[in-house]
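Below is the file target38.txt, which contains compact mmCIF, C-alpha atoms.
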# COMPACT_ATOMS: atom_id res chain seq x y z
CA MET A 1 118.31 -39.88 -11.67
CA THR A 2 115.01 -39.91 -9.77
CA ASP A 3 111.97 -38.04 -11.05
CA ASP A 4 111.78 -35.69 -8.06
CA LEU A 5 114.17 -33.21 -9.67
CA LEU A 6 111.57 -32.53 -12.36
CA ASP A 7 108.99 -31.72 -9.68
CA SER A 8 111.24 -29.46 -7.64
CA ARG A 9 111.13 -25.72 -7.24
CA PHE A 10 114.66 -25.58 -8.58
CA TRP A 11 113.58 -27.20 -11.85
CA ARG A 12 110.53 -24.96 -12.19
CA TRP A 13 112.77 -21.96 -11.50
CA THR A 14 115.15 -22.96 -14.32
CA LEU A 15 112.24 -23.24 -16.77
CA ALA A 16 111.08 -19.74 -15.85
CA GLN A 17 114.46 -18.10 -16.46
CA LYS A 18 115.03 -16.44 -19.83
CA PRO A 19 118.38 -14.64 -19.52
CA ASN A 20 119.31 -12.46 -22.47
CA ASP A 21 123.06 -12.81 -22.28
CA PHE A 22 125.97 -14.52 -20.55
CA GLU A 23 126.33 -11.86 -17.85
CA GLU A 24 122.67 -12.15 -16.86
CA THR A 25 123.01 -15.94 -16.70
CA GLN A 26 126.03 -15.62 -14.43
CA SER A 27 124.20 -13.22 -12.12
CA LEU A 28 121.47 -15.84 -11.59
CA ARG A 29 123.81 -18.69 -10.70
CA GLN A 30 124.00 -17.84 -6.99
CA ASP A 31 120.20 -17.92 -6.78
CA ALA A 32 120.23 -21.27 -8.56
CA LEU A 33 122.83 -22.70 -6.18
CA ALA A 34 120.95 -21.59 -3.06
CA LEU A 35 117.66 -22.97 -4.39
CA LEU A 36 119.18 -26.32 -5.35
CA VAL A 37 120.92 -26.73 -1.98
CA GLU A 38 117.64 -25.95 -0.21
CA SER A 39 115.82 -28.48 -2.40
CA VAL A 40 118.32 -31.17 -1.46
CA ASN A 41 118.19 -30.32 2.24
CA ILE A 42 114.40 -30.41 2.51
CA GLY A 43 114.19 -33.68 0.60
CA GLU A 44 112.64 -32.23 -2.53
CA VAL A 45 115.61 -33.38 -4.66
CA SER A 46 117.20 -36.75 -3.85
CA CYS A 47 119.44 -37.25 -6.90
CA LEU A 48 122.13 -35.33 -4.99
CA ASP A 49 123.31 -35.62 -1.41
CA GLY A 50 124.88 -33.38 1.23
CA VAL A 51 125.66 -33.05 4.91
CA ASN A 52 122.14 -31.77 5.64
CA SER A 53 120.08 -34.03 3.38
CA PRO A 54 117.34 -36.15 4.99
CA VAL A 55 119.55 -39.25 4.71
CA SER A 56 122.50 -37.44 6.28
CA LEU A 57 120.36 -36.12 9.12
CA ALA A 58 119.27 -39.70 9.86
CA ILE A 59 122.91 -40.78 9.75
CA LYS A 60 123.89 -38.02 12.21
CA ARG A 61 121.11 -39.02 14.59
CA HIS A 62 122.16 -42.68 14.45
CA HIS A 63 125.88 -42.07 15.07
CA LYS A 64 125.27 -39.10 17.40
CA VAL A 65 127.97 -37.22 15.47
CA ASP A 66 127.65 -34.05 13.36
CA ASP A 67 131.03 -33.93 11.62
CA PHE A 68 131.15 -35.54 8.16
CA GLU A 69 134.08 -36.62 6.01
CA MET A 70 132.22 -36.76 2.69
CA ASN A 71 133.65 -36.80 -0.84
CA SER A 72 132.31 -35.44 -4.12
CA ASN A 73 131.22 -38.87 -5.42
CA TRP A 74 128.96 -39.27 -2.40
CA ILE A 75 127.53 -35.77 -2.84
CA GLY A 76 127.05 -36.20 -6.59
CA SER A 77 125.14 -39.50 -6.30
CA SER A 78 121.58 -40.17 -5.26
CA GLN A 79 120.57 -40.44 -1.62
CA ASP A 80 119.06 -43.85 -2.38
CA TRP A 81 122.24 -45.17 -4.03
CA PHE A 82 123.53 -48.48 -2.74
CA CYS A 83 126.90 -50.12 -3.29
CA PRO A 84 126.63 -52.71 -6.10
CA CYS A 85 129.37 -54.74 -4.44
CA CYS A 86 128.24 -55.12 -0.82
CA ASN A 87 124.60 -54.06 -1.42
CA ARG A 88 124.64 -51.64 1.52
CA SER A 89 122.72 -48.38 1.43
CA LYS A 90 124.37 -45.05 2.15
CA PHE A 91 122.99 -45.19 5.70
CA GLN A 92 124.44 -48.69 6.21
CA ILE A 93 127.83 -47.79 4.71
CA THR A 94 128.55 -44.88 7.05
CA ARG A 95 130.59 -45.37 10.18
CA VAL A 96 132.56 -43.25 12.63
CA GLY A 97 136.25 -42.84 11.79
CA SER A 98 139.31 -42.66 14.00
CA LYS A 99 138.99 -38.87 14.35
CA GLY A 100 135.38 -39.01 15.50
CA GLN A 101 133.99 -38.08 12.09
CA ILE A 102 131.31 -39.81 10.01
CA LEU A 103 132.93 -41.46 6.98
CA ALA A 104 130.77 -41.05 3.88
CA LYS A 105 132.78 -41.89 0.78
CA SER A 106 132.26 -43.68 -2.50
CA VAL A 107 135.00 -44.49 -5.01
CA VAL A 108 135.13 -45.17 -8.73
CA HIS A 109 136.57 -48.69 -8.77
CA HIS A 110 138.50 -49.44 -11.95
CA ASP A 111 140.80 -51.92 -13.60
CA HIS A 112 144.42 -50.84 -14.12
CA MET A 113 145.04 -52.37 -17.53
CA GLY A 114 145.21 -48.96 -19.20
CA GLU A 115 148.03 -48.00 -16.83
CA ALA A 116 149.71 -51.35 -17.49
CA LEU A 117 149.57 -50.68 -21.24
CA LYS A 118 151.16 -47.23 -20.85
CA ARG A 119 153.93 -48.68 -18.72
CA ALA A 120 154.51 -51.53 -21.17
CA PHE A 121 154.61 -49.04 -24.06
CA HIS A 122 157.42 -47.04 -22.45
CA GLU A 123 159.32 -50.22 -21.57
CA ALA A 124 158.93 -51.62 -25.09
CA PHE A 125 159.98 -48.28 -26.59
CA GLU A 126 163.14 -48.27 -24.53
CA ALA A 127 163.92 -51.95 -25.12
CA ALA A 128 163.36 -51.75 -28.87
CA GLY A 129 165.65 -48.76 -29.22
CA THR A 130 163.25 -47.14 -31.69
CA ASP A 131 164.90 -43.90 -32.76
CA VAL A 132 161.91 -42.06 -34.25
CA GLU A 133 158.94 -40.65 -32.39
CA GLN A 134 155.82 -42.81 -32.22
CA ASN A 135 152.99 -40.28 -32.08
CA GLU A 136 150.45 -42.71 -33.50
CA GLY A 137 151.65 -45.38 -31.12
CA GLN A 138 151.15 -43.02 -28.19
CA ARG A 139 147.61 -42.26 -29.39
CA LEU A 140 146.93 -45.96 -29.88
CA VAL A 141 147.90 -46.66 -26.29
CA GLU A 142 145.66 -43.89 -24.98
CA ARG A 143 142.78 -44.98 -27.22
CA ILE A 144 142.58 -48.69 -26.52
CA GLY A 145 143.81 -48.94 -22.93
CA GLY A 146 140.27 -49.50 -21.70
CA ALA A 147 139.74 -52.38 -24.12
CA PHE A 148 141.91 -54.61 -21.92
CA ALA A 149 139.96 -53.92 -18.74
CA ALA A 150 138.34 -56.93 -17.10
CA TYR A 151 135.38 -54.78 -16.03
CA GLU A 152 134.05 -51.27 -16.51
CA GLU A 153 134.46 -48.47 -14.01
CA VAL A 154 131.84 -48.69 -11.29
CA LEU A 155 130.95 -46.65 -8.20
CA VAL A 156 131.46 -48.60 -4.97
CA CYS A 157 131.75 -47.72 -1.30
CA GLU A 158 135.22 -46.98 0.02
CA ASP A 159 135.13 -50.12 2.18
CA CYS A 160 134.75 -52.34 -0.91
CA ASN A 161 137.56 -50.49 -2.67
CA ASN A 162 139.75 -50.94 0.42
CA ALA A 163 138.86 -54.63 0.54
CA ASP A 164 140.24 -54.97 -2.99
CA THR A 165 143.52 -53.36 -1.90
CA ASN A 166 143.79 -55.51 1.22
CA ALA A 167 142.99 -58.72 -0.65
CA LYS A 168 145.68 -58.01 -3.27
CA LYS A 169 148.25 -57.64 -0.49
CA LEU A 170 147.14 -60.90 1.13
CA VAL A 171 147.30 -62.97 -2.07
CA GLY A 172 150.36 -61.22 -3.54
CA SER A 173 148.73 -60.38 -6.86
CA PRO A 174 150.54 -58.10 -9.36
CA ALA A 175 150.34 -54.32 -9.09
CA TYR A 176 148.09 -53.89 -12.14
CA PHE A 177 145.52 -56.48 -11.10
CA SER A 178 142.28 -55.50 -9.36
CA PHE A 179 139.39 -57.69 -8.31
CA SER A 180 136.02 -57.01 -9.95
CA VAL A 181 132.86 -56.19 -7.99
CA SER A 182 131.57 -59.75 -8.22
CA GLN A 183 134.96 -61.12 -7.13
CA ILE A 184 135.19 -58.78 -4.13
CA ALA A 185 131.68 -59.80 -3.07
CA ARG A 186 132.88 -63.39 -2.74
CA PHE A 187 135.52 -62.74 -0.07
CA ILE A 188 133.75 -60.15 2.13
CA ALA A 189 130.88 -60.56 4.58
CA PRO A 190 129.30 -57.09 4.74
CA LYS A 191 128.16 -55.66 8.06
CA ILE A 192 126.40 -52.36 8.53
CA HIS A 193 128.49 -49.42 9.78
CA GLN A 194 131.68 -51.52 9.73
CA PRO A 195 134.65 -51.94 7.36
CA HIS A 196 134.90 -55.24 5.51
CA GLU A 197 137.09 -58.09 6.63
CA VAL A 198 138.71 -60.15 3.86
CA ASP A 199 138.47 -63.93 3.89
CA GLU A 200 142.03 -64.71 2.84
CA ALA A 201 141.36 -68.30 1.74
CA THR A 202 138.48 -67.23 -0.49
CA ALA A 203 140.48 -64.31 -1.87
CA GLN A 204 143.33 -66.69 -2.73
CA LYS A 205 140.88 -68.99 -4.55
CA VAL A 206 139.39 -66.06 -6.48
CA TRP A 207 142.88 -64.87 -7.48
CA SER A 208 143.85 -68.37 -8.63
CA GLU A 209 140.78 -68.45 -10.87
CA ALA A 210 141.46 -64.95 -12.24
CA MET A 211 145.19 -65.40 -12.78
CA PRO A 212 145.10 -67.14 -16.22
CA ALA A 213 142.93 -64.41 -17.73
CA TYR A 214 145.10 -61.70 -16.18
CA GLU A 215 148.28 -63.26 -17.56
CA LEU A 216 146.69 -63.57 -21.00
CA ARG A 217 145.71 -59.89 -20.95
CA MET A 218 149.21 -58.91 -19.89
CA GLN A 219 150.63 -60.99 -22.73
CA LEU A 220 148.34 -59.17 -25.17
CA ILE A 221 149.30 -55.84 -23.63
CA ARG A 222 152.99 -56.52 -24.14
CA THR A 223 152.28 -57.42 -27.78
CA VAL A 224 150.28 -54.24 -28.39
CA ALA A 225 152.85 -52.14 -26.55
CA HIS A 226 155.64 -53.54 -28.71
CA ALA A 227 153.62 -52.82 -31.86
CA ALA A 228 152.85 -49.29 -30.71
CA ALA A 229 156.52 -48.64 -29.94
CA THR A 230 157.86 -50.09 -33.18
CA ASP A 231 155.57 -48.50 -35.76
CA THR A 232 153.18 -51.40 -36.47
CA HIS A 233 149.84 -50.04 -35.33
CA TRP A 234 146.20 -50.92 -35.70
CA TYR A 235 142.95 -49.63 -34.36
CA GLU A 236 140.67 -51.79 -32.27
CA PRO A 237 137.29 -50.18 -31.61
CA HIS A 238 135.46 -51.07 -28.43
CA ALA A 239 131.99 -50.35 -27.14
CA ARG A 240 131.26 -47.49 -24.81
CA PRO A 241 130.71 -48.73 -21.25
CA SER A 242 127.18 -48.54 -19.91
CA GLN A 243 126.46 -46.10 -17.12
CA ALA A 244 128.08 -47.59 -14.04
CA VAL A 245 129.07 -44.39 -12.22
CA PRO A 246 125.80 -42.54 -11.56
CA VAL A 247 127.43 -39.37 -10.27
CA LEU A 248 126.83 -35.75 -11.25
CA GLY A 249 129.42 -34.70 -13.81
CA ILE A 250 130.50 -38.28 -14.58
CA GLY A 251 127.40 -40.22 -15.55
CA ARG A 252 124.81 -39.27 -18.16
CA ARG A 253 121.76 -38.86 -15.94
CA ALA A 254 118.70 -36.94 -17.13
CA GLY A 255 118.68 -33.47 -15.64
CA ASP A 256 122.42 -33.23 -14.92
CA SER A 257 123.00 -30.89 -17.86
CA THR A 258 120.39 -28.45 -16.51
CA ILE A 259 121.94 -28.50 -13.04
CA LEU A 260 125.40 -27.83 -14.43
CA LYS A 261 124.07 -25.08 -16.71
CA TRP A 262 122.95 -23.07 -13.69
CA VAL A 263 125.26 -24.25 -10.93
CA SER A 264 129.03 -24.58 -10.83
CA TYR A 265 130.00 -28.19 -10.00
CA THR A 266 132.72 -27.03 -7.60
CA ASP A 267 130.44 -24.54 -5.85
CA LEU A 268 127.70 -27.16 -5.49
CA ILE A 269 130.05 -29.75 -3.97
CA LYS A 270 131.32 -27.15 -1.50
CA ALA A 271 127.82 -25.97 -0.64
CA LEU A 272 126.40 -29.46 -0.06
CA GLY A 273 129.50 -31.01 1.50
CA PRO A 274 131.15 -30.57 4.89
CA GLN A 275 133.01 -27.37 5.68
CA GLU A 276 136.59 -27.71 4.50
CA ARG A 277 139.11 -28.31 7.23
CA GLU A 278 142.28 -26.33 7.24
CA VAL A 279 145.10 -28.67 6.25
CA VAL A 280 148.51 -27.69 7.55
CA LYS A 281 150.94 -28.17 4.69
CA ASN A 282 154.69 -28.50 5.11
CA LEU A 283 155.74 -25.67 2.82
CA THR A 284 159.40 -26.12 3.74
CA ARG A 285 159.67 -29.47 1.94
CA TRP A 286 161.23 -27.90 -1.17
CA ARG A 287 164.33 -26.94 0.85
CA THR A 288 164.38 -29.47 3.72
CA VAL A 289 163.62 -32.83 2.03
CA VAL A 290 166.32 -34.51 -0.07
CA GLN A 291 164.76 -35.84 -3.28
CA LYS A 292 165.79 -39.21 -4.68
CA PRO A 293 167.97 -39.19 -7.82
CA GLY A 294 166.26 -39.93 -11.10
CA ARG A 295 166.91 -42.54 -13.75
CA THR A 296 169.28 -42.00 -16.65
CA PRO A 297 167.12 -41.77 -19.79
CA PRO A 298 167.46 -44.60 -22.34
CA VAL A 299 169.54 -44.19 -25.49
CA ASN A 300 166.44 -43.53 -27.59
CA PHE A 301 165.02 -40.99 -25.12
CA LEU A 302 164.48 -38.33 -27.77
CA ALA A 303 162.16 -40.50 -29.84
CA MET A 304 160.21 -41.41 -26.71
CA LEU A 305 160.00 -37.75 -25.66
CA ARG A 306 158.89 -36.55 -29.09
CA SER A 307 156.07 -39.11 -29.12
CA GLU A 308 154.25 -36.92 -26.59
CA SER A 309 153.22 -33.65 -28.28
CA THR A 310 153.51 -31.47 -25.15
CA PHE A 311 157.07 -32.61 -24.41
CA ALA A 312 157.98 -32.25 -28.08
CA GLN A 313 156.77 -28.62 -28.10
CA HIS A 314 158.84 -27.78 -25.04
CA TRP A 315 161.89 -29.52 -26.53
CA ASP A 316 161.59 -27.57 -29.78
CA SER A 317 161.04 -24.26 -27.96
CA VAL A 318 164.72 -23.99 -26.97
CA ALA A 319 167.89 -24.33 -29.05
CA GLN A 320 170.01 -27.48 -28.85
CA GLU A 321 172.81 -25.52 -27.17
CA TRP A 322 170.43 -24.12 -24.52
CA HIS A 323 171.49 -24.44 -20.88
CA CYS A 324 169.25 -23.60 -17.94
CA PRO A 325 170.64 -20.23 -16.77
CA ILE A 326 170.01 -21.15 -13.13
CA CYS A 327 171.29 -24.72 -12.70
CA GLN A 328 173.50 -24.68 -15.83
CA ARG A 329 172.23 -28.08 -16.97
CA SER A 330 172.24 -28.76 -20.69
CA LYS A 331 169.10 -29.53 -22.63
CA ASN A 332 169.84 -33.26 -22.48
CA GLN A 333 170.61 -33.14 -18.74
CA ALA A 334 167.23 -31.51 -18.03
CA VAL A 335 165.42 -34.55 -19.46
CA TYR A 336 164.04 -36.87 -16.78
CA VAL A 337 162.21 -40.19 -16.61
CA ALA A 338 158.83 -39.69 -14.94
CA SER A 339 156.50 -42.24 -13.40
CA LYS A 340 155.56 -45.26 -15.52
CA GLY A 341 158.70 -44.78 -17.61
CA ALA A 342 157.60 -41.73 -19.59
CA VAL A 343 160.45 -39.48 -20.75
CA SER A 344 159.66 -35.84 -19.94
CA PHE A 345 161.00 -32.35 -20.64
CA TYR A 346 159.57 -28.99 -19.59
CA VAL A 347 160.86 -25.43 -19.66
CA ARG A 348 159.35 -22.18 -18.45
CA SER A 349 159.86 -18.86 -20.21
CA ILE A 350 159.58 -15.66 -18.15
CA VAL A 351 158.63 -12.47 -19.95
CA GLY A 352 159.22 -8.86 -18.90
CA ARG A 353 160.09 -9.30 -15.23
CA SER A 354 163.19 -7.28 -14.22
CA GLN A 355 166.30 -9.48 -14.01
CA TRP A 356 164.26 -12.46 -15.16
CA ALA A 357 163.12 -10.86 -18.42
CA GLY A 358 163.51 -13.26 -21.35
CA VAL A 359 164.88 -16.05 -19.14
CA THR A 360 163.89 -19.66 -19.92
CA ILE A 361 164.51 -22.06 -17.05
CA CYS A 362 164.13 -25.81 -16.59
CA ASN A 363 161.20 -27.49 -14.90
CA GLN A 364 163.14 -28.27 -11.73
CA CYS A 365 164.27 -24.65 -11.21
CA SER A 366 160.77 -23.42 -11.97
CA GLY A 367 159.35 -25.78 -9.35
CA ILE A 368 161.79 -24.58 -6.71
CA LEU A 369 160.93 -20.95 -7.45
CA THR A 370 157.18 -21.67 -7.21
CA ASN A 371 157.48 -23.55 -3.91
CA PHE A 372 159.74 -20.80 -2.55
CA LYS A 373 157.05 -18.26 -3.38
CA TRP A 374 154.29 -20.32 -1.70
CA GLU A 375 156.29 -20.59 1.54
CA VAL A 376 157.05 -16.84 1.62
CA GLU A 377 153.39 -15.96 0.91
CA ALA A 378 152.16 -18.26 3.69
CA GLN A 379 154.61 -16.87 6.23
CA SER A 380 154.21 -13.22 5.31
CA GLY A 381 150.48 -13.29 4.72
CA SER A 382 151.02 -11.35 1.50
CA LYS A 383 149.91 -12.27 -2.01
CA LEU A 384 153.06 -11.67 -4.05
CA ARG A 385 152.14 -10.76 -7.59
CA ASP A 386 155.74 -10.29 -8.71
CA PHE A 387 157.98 -12.65 -6.78
CA TYR A 388 160.70 -12.15 -9.38
CA LYS A 389 161.50 -8.72 -7.92
CA LEU A 390 162.32 -10.33 -4.57
CA VAL A 391 164.70 -13.08 -5.72
CA SER A 392 167.37 -12.73 -8.37
CA PRO A 393 168.52 -15.52 -10.73
CA ALA A 394 171.94 -15.42 -9.05
CA GLU A 395 170.39 -15.92 -5.61
CA LEU A 396 168.36 -18.90 -6.77
CA MET A 397 171.49 -20.33 -8.37
CA SER A 398 173.36 -19.99 -5.06
CA ILE A 399 171.15 -22.49 -3.21
CA ILE A 400 171.11 -25.25 -5.86
CA ASP A 401 173.37 -28.21 -6.51
CA ALA A 402 172.19 -29.53 -9.87
CA ARG A 403 171.97 -33.19 -10.83
CA ALA A 404 171.42 -34.48 -14.34
CA HIS A 405 167.99 -36.07 -14.91
CA SER A 406 167.09 -35.58 -11.24
CA PRO A 407 165.56 -33.13 -8.79
CA HIS A 408 168.10 -30.59 -7.57
CA LEU A 409 169.80 -30.88 -4.21
CA ILE A 410 169.15 -27.80 -2.08
CA ARG A 411 171.85 -26.25 0.09
CA GLN A 412 169.67 -26.13 3.16
CA ASN A 413 171.57 -23.55 5.21
CA ASP A 414 171.88 -21.20 2.24
CA ALA A 415 168.21 -21.72 1.37
CA GLU A 416 167.17 -20.92 4.96
CA ALA A 417 169.25 -17.71 4.91
CA LEU A 418 167.80 -16.64 1.54
CA TYR A 419 164.27 -17.41 2.74
CA ARG A 420 164.77 -15.17 5.80
CA SER A 421 166.21 -12.43 3.63
CA VAL A 422 163.25 -12.51 1.23
CA LEU A 423 160.81 -12.38 4.14
CA GLU A 424 162.56 -9.22 5.31
CA ARG A 425 162.29 -7.72 1.81
CA VAL A 426 158.54 -8.43 1.79
CA SER A 427 158.20 -6.76 5.18
CA LEU A 428 160.11 -3.68 4.02
CA ALA A 429 158.03 -3.48 0.83
CA ASP A 430 154.81 -3.60 2.87
CA GLU A 431 156.03 -0.75 5.07
CA MET A 432 156.88 1.54 2.15
CA PRO A 433 154.29 4.24 1.44
CA THR A 434 152.24 3.75 -1.70

Render the structure in this file as structure tokens.
Amino acid sequence: MTDDLLDSRFWRWTLAQKPNDFEETQSLRQDALALLVESVNIGEVSCLDGVNSPVSLAIKRHHKVDDFEMNSNWIGSSQDWFCPCCNRSKFQITRVGSKGQILAKSVVHHDHMGEALKRAFHEAFEAAGTDVEQNEGQRLVERIGGAFAAYEEVLVCEDCNNADTNAKKLVGSPAYFSFSVSQIARFIAPKIHQPHEVDEATAQKVWSEAMPAYELRMQLIRTVAHAAATDTHWYEPHARPSQAVPVLGIGRRAGDSTILKWVSYTDLIKALGPQEREVVKNLTRWRTVVQKPGRTPPVNFLAMLRSESTFAQHWDSVAQEWHCPICQRSKNQAVYVASKGAVSFYVRSIVGRSQWAGVTICNQCSGILTNFKWEVEAQSGSKLRDFYKLVSPAELMSIIDARAHSPHLIRQNDAEALYRSVLERVSLADEMPT
């Protein structure tokens, strides 16, 4: 955090405000946002960035382009930030993308050992056949995952992060390995306003040097995962990482707390960043794309499921003889294996809504209903507060072919016909006098 924030009009304004209650504070937040954005744009505050900051104006003039593709990490970091990996400044990092836009992005580069530990925990749980939940083991995994990291999280430019990905493909390193900042710096030759090229021979040498330590960490991870999954736990404290991600809302910079007291993080990012482009989403995917079948849960799935408190609560919320009233799957059949081997179970209870009153449905049926609603709202241009009045449980049932432990198959022709019918119902409802 640079000292200019403390000399800005925004800062002096915050010191002068003495709101008496929450409502008065909220009423002042728009004034605070406008003042802070102006301070950034005129160069009075440089600890934040935006599409109209002095640095960005210089970048626009250099590239002769006005359109930015800028992410929140870039906006939330100082205008004088430079990438600790390639040592380029923000000005030097920017380049023109394939769509004629200025690319201005920074990424939190991190090791994946925490993810590797979670995956190993689920695999060890399944392999050991442990038949009781391991709540403490689950907490252990979440608590010490970072202790196995080869380096702390650090903000880098997107080009350096991409160089890591490209180098891993070239050398064939395992999925959970990532090169550190100092390692990446060895196999790139930075150039201003250009993406990095990876020196494959150097990357291979760096990977060969890093491989023994990576394999040792993976060996330790498998040991800890087995302990966590078989009820032999311990706690290993580890030091807090130093500040390596100097970004508003992530780091611990002086002055950030005052900014966030007066200005919504989301509103600030929107105000300082480029105007959001309208992204055309394929809202028909729920009924036109065939989802892959899921895995059959392991024998000890219940113990694995109950080790996660949220899944355990959902499991206990319905009786053992419960069947989803839409797809008719049993409680056990509604269990599915999610990414990284986690065993999951969700249900959704609907209260006081016509034919749906008191109905508890499985996660898959709930997802279909939600996506159905989004498509109808987009097509009709209406915000549907009570979609349940437009589609009956029997109608939803008529378009589904259920599969145990898997996403449902959708009868596409029937789903298309029902979709058209619901659109007509929305149109008729809009035409009725109020």

Please measure the separation of CA of Leu35 (chain A) and CA of Glu276 (chain A), giving the value in Å to one decimal.
->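 CA of Glu276 (chain A) lies 21.4 Å from CA of Leu35 (chain A).
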
Go through A:Ala201, A:Val290, A:Ile259, A:Ile410 one by one, measure the shortest atom-to-atom distance of each to Cys47 (chain A) using only C-alpha atoms, and give the residue with the smallest value.
-> A:Ile259

Up to 12 Å from (170.8, -29.0, -14.4) in the file's coordinates: name the residues, counting all atoms listed in the file, as a ChimeraX atom specification.
-> /A:322-336,347,361-366,397,400-409

Write the selection just made, keeping C-alpha atoms, as a compact mmCIF listing (two decimals), in the frame of the given file?
# COMPACT_ATOMS: atom_id res chain seq x y z
CA TRP A 322 170.43 -24.12 -24.52
CA HIS A 323 171.49 -24.44 -20.88
CA CYS A 324 169.25 -23.60 -17.94
CA PRO A 325 170.64 -20.23 -16.77
CA ILE A 326 170.01 -21.15 -13.13
CA CYS A 327 171.29 -24.72 -12.70
CA GLN A 328 173.50 -24.68 -15.83
CA ARG A 329 172.23 -28.08 -16.97
CA SER A 330 172.24 -28.76 -20.69
CA LYS A 331 169.10 -29.53 -22.63
CA ASN A 332 169.84 -33.26 -22.48
CA GLN A 333 170.61 -33.14 -18.74
CA ALA A 334 167.23 -31.51 -18.03
CA VAL A 335 165.42 -34.55 -19.46
CA TYR A 336 164.04 -36.87 -16.78
CA VAL A 347 160.86 -25.43 -19.66
CA ILE A 361 164.51 -22.06 -17.05
CA CYS A 362 164.13 -25.81 -16.59
CA ASN A 363 161.20 -27.49 -14.90
CA GLN A 364 163.14 -28.27 -11.73
CA CYS A 365 164.27 -24.65 -11.21
CA SER A 366 160.77 -23.42 -11.97
CA MET A 397 171.49 -20.33 -8.37
CA ILE A 400 171.11 -25.25 -5.86
CA ASP A 401 173.37 -28.21 -6.51
CA ALA A 402 172.19 -29.53 -9.87
CA ARG A 403 171.97 -33.19 -10.83
CA ALA A 404 171.42 -34.48 -14.34
CA HIS A 405 167.99 -36.07 -14.91
CA SER A 406 167.09 -35.58 -11.24
CA PRO A 407 165.56 -33.13 -8.79
CA HIS A 408 168.10 -30.59 -7.57
CA LEU A 409 169.80 -30.88 -4.21

Using all atoms listed in the file, collect all residues at a distance of at most 12 Å from (159.2, -17.5, -2.6) as written in the file, then present them as a VMD selection string.
-> chain A and resid 283 to 284 286 to 287 366 to 380 382 to 392 395 to 396 415 to 416 418 to 426

Give me, please, the distance in Å between CA of Gln79 (chain A) and CA of Lys99 (chain A), quoted to one decimal.
->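 Interatomic distance, CA of Gln79 (chain A) to CA of Lys99 (chain A): 24.4 Å.
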
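Coordinates place CA of His63 (chain A) at a distance of 18.8 Å from CA of Gln275 (chain A).
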
Could you pull the residues within 6 Å of Glu44 (chain A), counting all atoms listed in the file, minus those fewer than 3 positions along the same chain, as a PyMOL selection string?
-> chain A and resi 8+39-40

Trp315 (chain A): which residues within 9 Å, counting all atoms listed in the file, same-chain residues fewer than 5 positions away excluded, as a list in words?
-> Leu305, Arg306, Thr310, Gln320, Lys331, Phe345, Tyr346 and Val347 of chain A

Quick one: everything within 9 Å of Met70 (chain A), counting only C-alpha atoms, minus sequence neighbours fewer than 3 positions away in the same chain. Send it as a list in words.
->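 Final neighbour list, sorted by chain and number: Gly50, Val51, Asn73, Trp74, Ile75, Ile102, Leu103, Ala104, Lys105, Ser106, Gly273 and Pro274 of chain A.
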
Counting only C-alpha atoms, which of A:Val45, A:Leu57, A:Val154, A:Val65 gets nearest to Gln101 (chain A)?
-> A:Val65

Contacts of Leu170 (chain A) at 12 Å (all atoms listed in the file; same-chain gap of 2+ positions) as a ChimeraX atom specification | /A:163-168,172-174,187,197-205,207

Selection near His109 (chain A), 7 Å with only C-alpha atoms, sequence-local residues under 3 positions removed, as an MDAnalysis selection string | chainID A and resid 153:156 161
